[in-house]
file protein-v7.txt (compact mmCIF, C-alpha atoms)
# COMPACT_ATOMS: atom_id res chain seq x y z
CA MET A 127 20.89 -6.52 32.49
CA HIS A 128 17.38 -5.14 32.94
CA SER A 129 15.26 -7.56 34.91
CA ASP A 130 12.62 -7.95 32.18
CA THR A 131 15.21 -9.16 29.68
CA THR A 132 16.13 -12.33 31.53
CA LEU A 133 15.17 -15.43 29.56
CA GLU A 134 12.51 -16.28 32.16
CA ALA A 135 10.89 -12.85 31.82
CA ILE A 136 11.00 -13.05 28.03
CA ASN A 137 9.45 -16.53 28.10
CA LEU A 138 6.61 -15.16 30.17
CA THR A 139 6.05 -12.12 27.95
CA VAL A 140 5.98 -14.21 24.77
CA ARG A 141 3.52 -16.66 26.34
CA ARG A 142 1.36 -13.79 27.61
CA LEU A 143 1.23 -12.07 24.19
CA ILE A 144 0.33 -15.32 22.43
CA ALA A 145 -2.32 -16.09 25.05
CA GLU A 146 -3.85 -12.63 24.52
CA SER A 147 -3.85 -13.10 20.78
CA LEU A 148 -5.52 -16.52 21.05
CA GLN A 149 -7.77 -15.37 23.89
CA ARG A 150 -6.76 -18.39 25.91
CA PRO A 151 -5.34 -18.68 29.45
CA ILE A 152 -1.57 -18.36 29.63
CA GLU A 153 -1.29 -21.86 31.16
CA GLU A 154 -2.38 -23.28 27.81
CA VAL A 155 0.52 -21.62 26.04
CA ARG A 156 3.33 -23.93 27.03
CA LEU A 157 6.95 -23.05 26.32
CA ASP A 158 7.44 -26.09 24.11
CA ALA A 159 4.25 -25.60 22.12
CA SER A 160 4.77 -25.28 18.39
CA LEU A 161 3.30 -22.28 16.59
CA ASP A 162 1.78 -24.20 13.70
CA ASP A 163 -1.32 -26.36 13.40
CA SER A 164 0.25 -29.20 15.40
CA GLY A 165 0.31 -26.89 18.44
CA LEU A 166 -1.08 -23.41 18.97
CA ALA A 167 -2.24 -22.99 15.36
CA LEU A 168 -1.42 -19.28 15.18
CA ASP A 169 -2.71 -17.89 11.88
CA SER A 170 -0.70 -15.55 9.69
CA LEU A 171 -2.22 -12.39 11.16
CA SER A 172 -1.53 -13.55 14.74
CA LEU A 173 2.09 -14.28 13.81
CA VAL A 174 2.55 -10.87 12.20
CA THR A 175 0.88 -9.14 15.15
CA LEU A 176 3.11 -11.05 17.56
CA ASN A 177 6.17 -10.10 15.51
CA VAL A 178 5.34 -6.43 15.67
CA ALA A 179 4.36 -6.46 19.35
CA LEU A 180 7.65 -8.14 20.29
CA GLU A 181 9.74 -5.75 18.20
CA GLU A 182 8.02 -2.85 19.87
CA ARG A 183 8.28 -4.35 23.35
CA TYR A 184 12.02 -5.07 23.15
CA ASP A 185 13.12 -2.46 20.61
CA ILE A 186 14.71 -5.08 18.35
CA THR A 187 14.27 -6.28 14.77
CA LEU A 188 13.00 -9.83 14.23
CA PRO A 189 12.58 -11.93 11.09
CA ASP A 190 8.94 -12.36 10.00
CA PHE A 191 7.72 -15.52 11.70
CA ILE A 192 5.54 -16.40 8.69
CA SER A 193 8.36 -16.13 6.18
CA GLU A 194 10.95 -18.61 4.96
CA GLU A 195 13.79 -16.74 6.65
CA ALA A 196 12.32 -17.64 10.06
CA ARG A 197 11.58 -21.31 9.44
CA THR A 198 13.69 -22.32 12.46
CA VAL A 199 11.44 -20.23 14.74
CA ARG A 200 8.73 -22.81 15.21
CA SER A 201 7.96 -22.80 18.94
CA VAL A 202 7.30 -20.42 21.80
CA ARG A 203 10.72 -21.27 23.22
CA ALA A 204 12.45 -20.58 19.90
CA ILE A 205 10.90 -17.11 19.78
CA ALA A 206 12.01 -16.34 23.34
CA GLU A 207 15.56 -17.55 22.65
CA LEU A 208 15.74 -15.50 19.47
CA ILE A 209 14.64 -12.39 21.36
CA ALA A 210 17.20 -13.01 24.11
CA SER A 211 19.99 -13.32 21.54
CA ARG A 212 18.84 -10.17 19.68
CA ILE A 213 18.79 -8.22 22.95
CA ALA A 214 22.27 -9.47 23.78
CA GLU A 215 23.50 -8.36 20.33
CA SER A 216 21.97 -4.91 20.62
CA THR A 217 23.32 -4.45 24.13
CA LYS A 218 26.80 -5.36 22.91
CA GLU A 219 26.53 -2.96 19.98
CA GLY A 220 25.31 -0.15 22.19
CA ALA A 221 27.92 -0.66 24.93
CA PRO A 222 30.62 2.00 25.32
CA VAL A 223 34.06 0.89 24.19
CA MET B 56 -16.26 -10.64 -13.74
CA ASN B 57 -15.47 -13.48 -11.38
CA ALA B 58 -17.36 -14.10 -8.16
CA PRO B 59 -16.21 -12.07 -5.13
CA ARG B 60 -12.98 -13.42 -3.66
CA THR B 61 -12.97 -11.76 -0.24
CA ARG B 62 -15.34 -10.88 2.57
CA ALA B 63 -14.76 -7.18 1.88
CA GLU B 64 -15.91 -7.67 -1.72
CA ARG B 65 -19.00 -9.68 -0.73
CA GLU B 66 -20.00 -6.98 1.73
CA ALA B 67 -19.57 -4.34 -0.97
CA PHE B 68 -21.85 -6.25 -3.35
CA ALA B 69 -24.50 -6.33 -0.62
CA ARG B 70 -24.55 -2.51 -0.53
CA SER B 71 -26.24 -0.27 -3.06
CA ALA B 72 -23.94 1.78 -5.33
CA VAL B 73 -24.72 4.91 -3.31
CA GLN B 74 -24.04 3.15 -0.01
CA GLN B 75 -20.73 1.82 -1.36
CA VAL B 76 -19.56 5.28 -2.45
CA GLU B 77 -20.45 6.55 1.03
CA HIS B 78 -18.64 3.59 2.59
CA GLU B 79 -15.47 4.34 0.59
CA ARG B 80 -15.74 8.05 1.37
CA VAL B 81 -15.60 7.35 5.11
CA GLN B 82 -13.68 4.09 5.51
CA VAL B 83 -10.95 4.67 2.92
CA ALA B 84 -10.34 8.25 4.04
CA ALA B 85 -9.76 7.17 7.67
CA HIS B 86 -6.29 5.71 7.02
CA TYR B 87 -5.12 8.77 5.09
CA GLU B 88 -6.51 11.19 7.67
CA HIS B 89 -3.72 10.28 10.08
CA ASP B 90 -1.22 13.03 10.80
CA PRO B 91 0.83 13.65 7.62
CA ALA B 92 3.89 13.95 9.87
CA ILE B 93 3.64 10.17 10.37
CA PHE B 94 3.74 9.44 6.64
CA SER B 95 6.66 11.86 6.27
CA MET B 96 8.64 9.58 8.56
CA VAL B 97 7.82 6.47 6.51
CA LEU B 98 7.62 7.49 2.83
CA ASP B 99 9.93 9.38 0.45
CA ARG B 100 10.08 13.18 0.56
CA ARG B 101 7.27 13.59 -2.01
CA LEU B 102 5.10 11.16 -0.01
CA ALA B 103 4.41 8.58 -2.71
CA TYR B 104 2.25 5.86 -1.16
CA ALA B 105 2.83 3.39 -4.00
CA THR B 106 5.67 1.28 -5.33
CA GLY B 107 8.91 2.80 -6.58
CA VAL B 108 10.97 1.45 -9.49
CA PHE B 109 14.37 0.21 -8.36
CA GLN B 110 17.46 0.07 -10.55
CA ASP B 111 18.95 -2.51 -8.18
CA PRO B 112 17.83 -4.06 -4.89
CA ALA B 113 20.21 -1.93 -2.83
CA GLU B 114 18.96 1.38 -4.17
CA ASP B 115 17.43 3.94 -1.80
CA LEU B 116 13.72 4.76 -1.69
CA GLU B 117 14.11 8.38 -2.91
CA SER B 118 15.84 7.33 -6.14
CA ALA B 119 13.30 4.57 -6.78
CA GLN B 120 10.35 6.92 -6.31
CA GLU B 121 11.98 9.60 -8.49
CA ARG B 122 12.34 7.01 -11.26
CA LYS B 123 8.67 6.08 -10.89
CA PHE B 124 7.52 9.73 -11.09
CA ALA B 125 9.64 10.19 -14.21
CA ARG B 126 8.24 7.03 -15.76
CA ILE B 127 4.65 8.08 -15.12
CA LYS B 128 5.43 11.48 -16.62
CA GLU B 129 6.85 9.86 -19.77
CA LYS B 130 3.89 7.53 -20.12
CA LEU B 131 1.24 10.21 -19.62
CA ALA B 132 3.10 12.53 -22.05
CA ILE B 133 1.29 15.70 -20.97
CA ALA B 134 1.70 18.49 -23.55
CA PRO B 135 1.67 22.21 -22.58
CA GLY B 136 -1.82 23.31 -21.60
CA GLU B 137 -3.22 19.79 -21.39
CA ARG B 138 -5.50 18.85 -18.49
CA MET B 139 -4.65 15.93 -16.26
CA LEU B 140 -6.70 14.35 -13.46
CA ASP B 141 -5.06 12.42 -10.61
CA VAL B 142 -7.73 10.24 -8.97
CA GLY B 143 -6.64 9.55 -5.40
CA CYS B 144 -3.79 12.05 -5.54
CA GLY B 145 -2.75 11.50 -1.91
CA TRP B 146 -0.42 14.21 -0.64
CA GLY B 147 0.32 15.19 -4.23
CA SER B 148 3.44 13.16 -5.02
CA ASN B 149 2.71 12.55 -8.71
CA LEU B 150 0.41 15.54 -9.07
CA LEU B 151 3.07 18.06 -8.05
CA TYR B 152 5.87 16.25 -9.87
CA LEU B 153 3.80 16.54 -13.05
CA ALA B 154 3.02 20.20 -12.33
CA GLN B 155 6.74 20.86 -11.91
CA HIS B 156 7.94 18.82 -14.87
CA THR B 157 5.25 19.51 -17.49
CA GLU B 158 3.35 22.60 -18.56
CA GLY B 159 0.00 20.94 -18.05
CA CYS B 160 -2.83 21.84 -15.66
CA VAL B 161 -3.14 19.17 -13.00
CA HIS B 162 -6.22 18.43 -10.93
CA GLY B 163 -6.17 16.00 -8.04
CA ILE B 164 -9.01 14.50 -6.06
CA THR B 165 -8.71 12.75 -2.71
CA LEU B 166 -11.10 11.63 0.02
CA SER B 167 -8.89 13.14 2.72
CA GLU B 168 -8.98 16.80 3.68
CA LYS B 169 -5.56 16.45 5.32
CA GLN B 170 -4.07 15.16 2.07
CA ARG B 171 -5.61 18.06 0.18
CA GLU B 172 -4.11 20.56 2.64
CA VAL B 173 -0.62 19.06 2.31
CA ALA B 174 -0.82 18.91 -1.50
CA LEU B 175 -1.98 22.53 -1.78
CA ALA B 176 0.56 23.83 0.74
CA ARG B 177 3.32 22.14 -1.25
CA ALA B 178 1.95 23.48 -4.54
CA HIS B 179 2.31 27.01 -3.13
CA GLU B 180 5.70 26.34 -1.61
CA TRP B 181 7.01 24.89 -4.87
CA GLY B 182 5.60 27.70 -7.00
CA VAL B 183 3.15 25.69 -9.13
CA ALA B 184 -0.13 26.55 -7.39
CA SER B 185 -1.53 28.37 -10.46
CA ARG B 186 -1.64 25.07 -12.40
CA VAL B 187 -2.70 22.83 -9.50
CA ARG B 188 -6.17 22.20 -8.18
CA VAL B 189 -7.07 19.70 -5.46
CA ASP B 190 -10.57 18.80 -4.30
CA VAL B 191 -11.95 16.46 -1.68
CA GLN B 192 -14.26 14.40 -3.85
CA HIS B 193 -15.19 10.82 -4.66
CA VAL B 194 -14.40 9.87 -8.25
CA GLU B 195 -18.00 8.84 -8.95
CA ASP B 196 -19.18 12.35 -8.02
CA LEU B 197 -17.02 14.14 -10.63
CA ASP B 198 -19.10 16.43 -12.85
CA PHE B 199 -16.59 17.36 -15.55
CA ALA B 200 -17.73 18.01 -19.12
CA PRO B 201 -17.31 15.07 -21.51
CA GLU B 202 -13.96 15.00 -23.35
CA SER B 203 -12.41 17.58 -21.02
CA LEU B 204 -9.31 15.61 -19.96
CA ASP B 205 -6.10 14.61 -21.73
CA ALA B 206 -4.73 12.26 -19.09
CA VAL B 207 -5.95 10.40 -16.01
CA LEU B 208 -3.79 8.78 -13.33
CA PHE B 209 -4.74 6.21 -10.70
CA SER B 210 -1.66 5.46 -8.58
CA GLY B 211 -2.37 3.09 -5.69
CA SER B 212 -5.95 4.28 -5.61
CA ILE B 213 -8.21 2.23 -7.90
CA VAL B 214 -7.77 -0.67 -5.45
CA HIS B 215 -10.03 1.32 -3.07
CA MET B 216 -12.80 1.67 -5.68
CA HIS B 217 -15.40 -1.03 -5.95
CA ASN B 218 -17.41 -0.02 -8.98
CA ARG B 219 -14.79 -0.51 -11.68
CA GLU B 220 -17.18 -0.79 -14.64
CA ALA B 221 -18.73 2.59 -13.86
CA ILE B 222 -15.34 4.22 -13.26
CA HIS B 223 -13.83 3.04 -16.54
CA ARG B 224 -16.92 4.08 -18.49
CA GLN B 225 -16.76 7.47 -16.78
CA MET B 226 -13.07 7.91 -17.67
CA VAL B 227 -13.75 7.08 -21.30
CA ARG B 228 -16.44 9.78 -21.27
CA LEU B 229 -14.11 12.35 -19.71
CA LEU B 230 -11.07 11.68 -21.89
CA ARG B 231 -10.57 13.39 -25.21
CA PRO B 232 -9.71 11.20 -28.20
CA GLY B 233 -6.01 10.38 -27.82
CA GLY B 234 -6.28 10.78 -24.04
CA ARG B 235 -4.17 8.56 -21.78
CA MET B 236 -5.06 6.62 -18.67
CA LEU B 237 -2.48 5.09 -16.34
CA ILE B 238 -3.10 2.73 -13.42
CA SER B 239 -0.44 1.56 -10.99
CA ASP B 240 -1.96 -0.87 -8.54
CA CYS B 241 -2.33 -4.26 -6.94
CA TYR B 242 -3.97 -7.35 -8.50
CA TYR B 243 -4.65 -10.96 -7.63
CA PRO B 244 -3.19 -13.70 -9.79
CA GLU B 245 -5.98 -15.24 -11.88
CA GLN B 246 -4.97 -18.56 -10.38
CA ALA B 247 -6.21 -19.05 -6.81
CA ARG B 248 -2.95 -18.59 -4.90
CA GLY B 249 -2.80 -17.89 -1.17
CA ASN B 250 -5.69 -17.66 1.26
CA ARG B 251 -7.95 -14.75 0.34
CA GLU B 252 -10.31 -15.49 3.21
CA SER B 253 -7.57 -15.28 5.85
CA THR B 254 -7.67 -12.98 8.84
CA ALA B 255 -4.57 -11.32 7.36
CA THR B 256 -6.47 -10.44 4.17
CA GLN B 257 -9.38 -9.06 6.14
CA TYR B 258 -6.97 -7.05 8.29
CA ILE B 259 -5.21 -5.36 5.41
CA PHE B 260 -8.29 -4.82 3.20
CA VAL B 261 -10.69 -3.61 5.87
CA GLU B 262 -9.15 -2.85 9.25
CA ALA B 263 -5.99 -1.15 8.00
CA LEU B 264 -7.09 0.39 4.69
CA GLY B 265 -10.88 0.69 4.84
CA TYR B 266 -11.84 -0.98 1.57
CA CYS B 267 -9.76 -2.82 -1.03
CA ARG B 268 -10.88 -4.77 -4.07
CA LEU B 269 -8.24 -6.72 -5.94
CA LEU B 270 -9.25 -7.94 -9.39
CA ALA B 271 -7.20 -10.18 -11.61
CA LEU B 272 -5.24 -8.15 -14.15
CA SER B 273 -7.21 -9.77 -16.97
CA GLU B 274 -10.49 -8.67 -15.40
CA GLU B 275 -9.37 -5.05 -15.11
CA LEU B 276 -8.14 -5.08 -18.71
CA THR B 277 -11.42 -6.59 -19.88
CA VAL B 278 -13.44 -3.94 -18.08
CA MET B 279 -11.23 -1.23 -19.58
CA GLU B 280 -11.50 -2.65 -23.10
CA ARG B 281 -15.26 -3.06 -22.82
CA ALA B 282 -15.51 0.59 -21.74
CA GLY B 283 -13.70 1.54 -24.94
CA LEU B 284 -10.08 1.97 -23.88
CA ASP B 285 -7.16 0.53 -25.84
CA VAL B 286 -4.59 -1.08 -23.54
CA ILE B 287 -1.15 -0.23 -24.95
CA HIS B 288 1.32 -1.23 -22.23
CA VAL B 289 1.41 -3.34 -19.05
CA GLU B 290 4.40 -3.95 -16.81
CA ASP B 291 4.88 -5.99 -13.66
CA LEU B 292 6.31 -4.08 -10.68
CA THR B 293 5.65 -6.76 -8.06
CA GLY B 294 9.32 -7.20 -7.08
CA HIS B 295 9.69 -3.44 -6.82
CA TYR B 296 6.86 -3.30 -4.30
CA VAL B 297 8.68 -5.85 -2.12
CA LEU B 298 11.67 -3.49 -2.01
CA THR B 299 9.50 -0.43 -1.43
CA LEU B 300 7.68 -2.09 1.47
CA GLU B 301 10.98 -3.22 3.04
CA ARG B 302 12.09 0.40 3.16
CA TRP B 303 8.76 1.62 4.54
CA ILE B 304 8.82 -1.06 7.25
CA ASP B 305 12.38 -0.10 8.25
CA ASN B 306 11.24 3.53 8.46
CA VAL B 307 8.35 2.53 10.73
CA ARG B 308 10.80 0.64 12.95
CA ARG B 309 13.20 3.59 13.08
CA ASN B 310 10.45 6.09 13.93
CA ARG B 311 8.23 3.88 16.08
CA GLN B 312 8.31 6.08 19.16
CA GLN B 313 7.59 9.31 17.28
CA ILE B 314 4.71 7.66 15.39
CA GLU B 315 3.25 6.27 18.61
CA ALA B 316 3.47 9.72 20.20
CA LEU B 317 1.31 11.13 17.37
CA ALA B 318 -1.12 8.20 17.01
CA PRO B 319 -0.95 5.44 19.63
CA GLY B 320 -1.19 2.02 18.00
CA PHE B 321 -0.68 3.26 14.45
CA SER B 322 2.93 2.11 14.08
CA ARG B 323 1.66 -1.41 14.74
CA VAL B 324 -1.05 -1.05 12.09
CA LEU B 325 1.47 0.22 9.55
CA GLN B 326 4.10 -2.41 10.25
CA SER B 327 1.56 -5.26 10.34
CA TYR B 328 -0.24 -4.44 7.12
CA MET B 329 3.01 -3.61 5.32
CA THR B 330 4.53 -6.91 6.44
CA ILE B 331 1.53 -8.87 5.14
CA ALA B 332 1.69 -6.93 1.86
CA ARG B 333 5.44 -7.47 1.51
CA LEU B 334 5.08 -11.21 1.98
CA SER B 335 2.13 -11.35 -0.44
CA PHE B 336 4.13 -9.63 -3.18
CA ALA B 337 7.24 -11.71 -2.37
CA ARG B 338 5.19 -14.90 -2.74
CA ARG B 339 3.31 -13.46 -5.72
CA THR B 340 -0.05 -14.12 -4.09
CA ALA B 341 -0.58 -10.43 -4.91
CA LEU B 342 0.84 -8.70 -7.98
CA GLU B 343 1.58 -5.10 -8.84
CA TYR B 344 1.05 -3.78 -12.36
CA MET B 345 1.33 -0.50 -14.20
CA ILE B 346 -1.22 -0.29 -17.01
CA LEU B 347 -1.29 2.32 -19.77
CA ALA B 348 -4.34 2.73 -21.99
CA THR B 349 -5.58 5.30 -24.47
CA LYS B 350 -8.89 6.43 -25.79
CA GLY B 351 -8.50 5.82 -29.50
CA ARG B 352 -5.23 6.16 -31.37
CA PRO B 353 -2.17 6.40 -29.07
CA LYS B 354 0.03 9.50 -29.28
CA THR B 355 3.16 7.44 -28.70
CA ASP B 356 4.26 4.20 -30.34
CA VAL B 357 5.17 1.85 -27.50
CA GLY B 358 6.66 -0.55 -30.04
CA LEU B 359 9.52 1.91 -30.29
CA TRP B 360 10.17 2.14 -26.54
CA ARG B 361 13.68 1.06 -25.78
CA ILE B 362 14.30 -1.86 -23.45
CA PRO B 363 15.95 -1.21 -21.12

call {"tool": "encode", "arguments": {"input": "protein-v7.txt", "output": "structure tokens"}}
result
Amino acid sequence: MHSDTTLEAINLTVRRLIAESLQRPIEEVRLDASLDDSGLALDSLSLVTLNVALEERYDITLPDFISEEARTVRSVRAIAELIASRIAESTKEGAPV
Amino acid sequence: MNAPRTRAEREAFARSAVQQVEHERVQVAAHYEHDPAIFSMVLDRRLAYATGVFQDPAEDLESAQERKFARIKEKLAIAPGERMLDVGCGWGSNLLYLAQHTEGCVHGITLSEKQREVALARAHEWGVASRVRVDVQHVEDLDFAPESLDAVLFSGSIVHMHNREAIHRQMVRLLRPGGRMLISDCYYPEQARGNRESTATQYIFVEALGYCRLLALSEELTVMERAGLDVIHVEDLTGHYVLTLERWIDNVRRNRQQIEALAPGFSRVLQSYMTIARLSFARRTALEYMILATKGRPKTDVGLWRIP
């Protein structure tokens, strides 16, 4: 596995991208913070931008964080775990038989 | 008309009419001036940058766009020798389809020189150049003789035009009696649904697409009727735009690296604005309609159109 696709590395990348979007220090974007108004209060544009940036970064397809289909993805940690599982799926699919 | 609903609209009202035309000329063109090779990777082969019409949700984009071209052709009913104007003709998707499938003379205008080049190159390649003309021009600068057109098309373009009253009055002037006008575009529900002051709205209307003004359908129809047009048919294509955008977004994903190589950052712009648009149509906070109107007595009786 590539070193930047460990869960720790993904956690850090997700936190960094959110921090950039909010223009806040990364320390303020905790792993357990929720995305909605009770936590980081990411607006719809920030969520879409994050979606696209993460898809590009990891070459995966993600559900839209602002849509109903992604209602379980409500925290920074949930995003990172989803990415890790999508990477694992795509690695499995791409592996030689 | 109602009070402005978005920041983009308020800013437009603060400009003079001349300044607004200039604003549209520059800001709207910018999106469409990107390398046509990028749009070839995202859209259907004719490069329609508007909704298709899907027979079923699993249908492919090409078939859905073909059905839409055919539907527009039927609705505009261009007879041999008739003159048709496509306002905001893009890369010529409808314009060239109509040149190939009717015996009319088609004239497109666009704000993008690159779009004009692609449309004209294709007109030559497809053997219809003698009946196709394309100019880089703003609609409000057209200097055609009164009653010189038989049909006018606005497909995914009137949303970029602020001064709707003037445009509809102008089209009534340019159309001959019995002339047809077709609009396929995006509208707000009359009811205040969704956040029209959101950063996402500002992103799509201004940053991504330069200038957009969404009216309520009833407002557009009122402006058209006041100008003297008779509205004869309206259909909702909102669900079809959701499907169209899904396919465009998948194409952006598939071609991300090639798009980035041609225009760094642009795949992100496309995917972000298309995602916001897809969700807006899915939630019906934005609606897509196809409107057919005539100047005076219609040539066709829509009461006899068969459903389906």

call {"tool": "closest_atom_pairs", "arguments": {"input": "protein-v7.txt", "of": "chain B", "to": "chain A", "cutoff": "12 Å", "atoms": "all atoms listed in the file", "output": "Markdown table"}}
result
| residue | atom | partner | partner_atom | distance |
| --- | --- | --- | --- | --- |
| B:Gly249 | CA | A:Ser170 | CA | 11.3 |
| B:Asn250 | CA | A:Ser170 | CA | 10.0 |
| B:Arg251 | CA | A:Ser170 | CA | 11.9 |
| B:Glu252 | CA | A:Ser170 | CA | 11.6 |
| B:Ser253 | CA | A:Ser170 | CA | 7.9 |
| B:Thr254 | CA | A:Leu171 | CA | 6.0 |
| B:Ala255 | CA | A:Leu171 | CA | 4.6 |
| B:Thr256 | CA | A:Leu171 | CA | 8.4 |
| B:Gln257 | CA | A:Leu171 | CA | 9.4 |
| B:Tyr258 | CA | A:Leu171 | CA | 7.7 |
| B:Ile259 | CA | A:Leu171 | CA | 9.6 |
| B:Glu262 | CA | A:Leu171 | CA | 11.9 |
| B:Glu301 | CA | A:Asp190 | CA | 11.7 |
| B:Ile304 | CA | A:Val178 | CA | 10.6 |
| B:Asp305 | CA | A:Thr187 | CA | 9.2 |
| B:Val307 | CA | A:Glu182 | CA | 10.6 |
| B:Arg308 | CA | A:Thr187 | CA | 8.0 |
| B:Arg309 | CA | A:Asp185 | CA | 9.7 |
| B:Asn310 | CA | A:Glu182 | CA | 11.0 |
| B:Arg311 | CA | A:Glu182 | CA | 7.7 |
| B:Gln312 | CA | A:Glu182 | CA | 9.0 |
| B:Ile314 | CA | A:Glu182 | CA | 11.9 |
| B:Glu315 | CA | A:Glu182 | CA | 10.4 |
| B:Gly320 | CA | A:Ala179 | CA | 10.2 |
| B:Phe321 | CA | A:Val178 | CA | 11.5 |
| B:Ser322 | CA | A:Val178 | CA | 9.0 |
| B:Arg323 | CA | A:Val178 | CA | 6.3 |
| B:Val324 | CA | A:Thr175 | CA | 8.9 |
| B:Leu325 | CA | A:Val178 | CA | 9.8 |
| B:Gln326 | CA | A:Val178 | CA | 6.9 |
| B:Ser327 | CA | A:Val174 | CA | 6.0 |
| B:Tyr328 | CA | A:Val174 | CA | 8.7 |
| B:Met329 | CA | A:Val174 | CA | 10.0 |
| B:Thr330 | CA | A:Val174 | CA | 7.3 |
| B:Ile331 | CA | A:Val174 | CA | 7.4 |
| B:Ala332 | CA | A:Val174 | CA | 11.1 |
| B:Arg333 | CA | A:Ser193 | CA | 10.3 |
| B:Leu334 | CA | A:Ser193 | CA | 7.3 |
| B:Ser335 | CA | A:Ser193 | CA | 10.3 |
| B:Ala337 | CA | A:Ser193 | CA | 9.7 |
| B:Arg338 | CA | A:Ser193 | CA | 9.5 |

call {"tool": "residues_around", "arguments": {"input": "protein-v7.txt", "residues": "Asp141 (chain B)", "least_positions_apart": "2", "cutoff": "7 Å", "atoms": "all atoms listed in the file", "output": "PyMOL selection string"}}
result
chain B and resi 139+143-144+150+162-164+207-209

call {"tool": "residues_around", "arguments": {"input": "protein-v7.txt", "residues": "Leu148 (chain A)", "least_positions_apart": "5", "cutoff": "9 Å", "atoms": "all atoms listed in the file", "output": "list of chain:residue names"}}
result
A:Leu143, A:Leu166, A:Leu168, A:Ser172

call {"tool": "closest_residue", "arguments": {"input": "protein-v7.txt", "among": "B:Pro112, B:Ser273, B:Leu197, B:His156", "to": "Asn57 (chain B)", "atoms": "only C-alpha atoms"}}
result
B:Ser273

call {"tool": "residues_near_point", "arguments": {"input": "protein-v7.txt", "point": "(-10.0, -10.1, -11.2)", "cutoff": "6 Å", "atoms": "only C-alpha atoms", "output": "list in words"}}
result
Leu270, Ala271, Leu272 and Glu274 of chain B

call {"tool": "write_last_selection", "arguments": {"input": "protein-v7.txt", "atoms": "C-alpha atoms", "output": "tab-separated table (two decimals), in the frame of the given file"}}
result
chain	number	residue	atom	x	y	z
B	270	LEU	CA	-9.25	-7.94	-9.39
B	271	ALA	CA	-7.20	-10.18	-11.61
B	272	LEU	CA	-5.24	-8.15	-14.15
B	274	GLU	CA	-10.49	-8.67	-15.40

call {"tool": "closest_residue", "arguments": {"input": "protein-v7.txt", "among": "B:Val161, B:Ala348, B:Val183, B:Val173", "to": "Ala134 (chain B)", "atoms": "only C-alpha atoms"}}
result
B:Val161

call {"tool": "closest_residue", "arguments": {"input": "protein-v7.txt", "among": "B:Tyr152, B:Leu204, B:Arg126, B:Asp356", "to": "Glu290 (chain B)", "atoms": "only C-alpha atoms"}}
result
B:Arg126
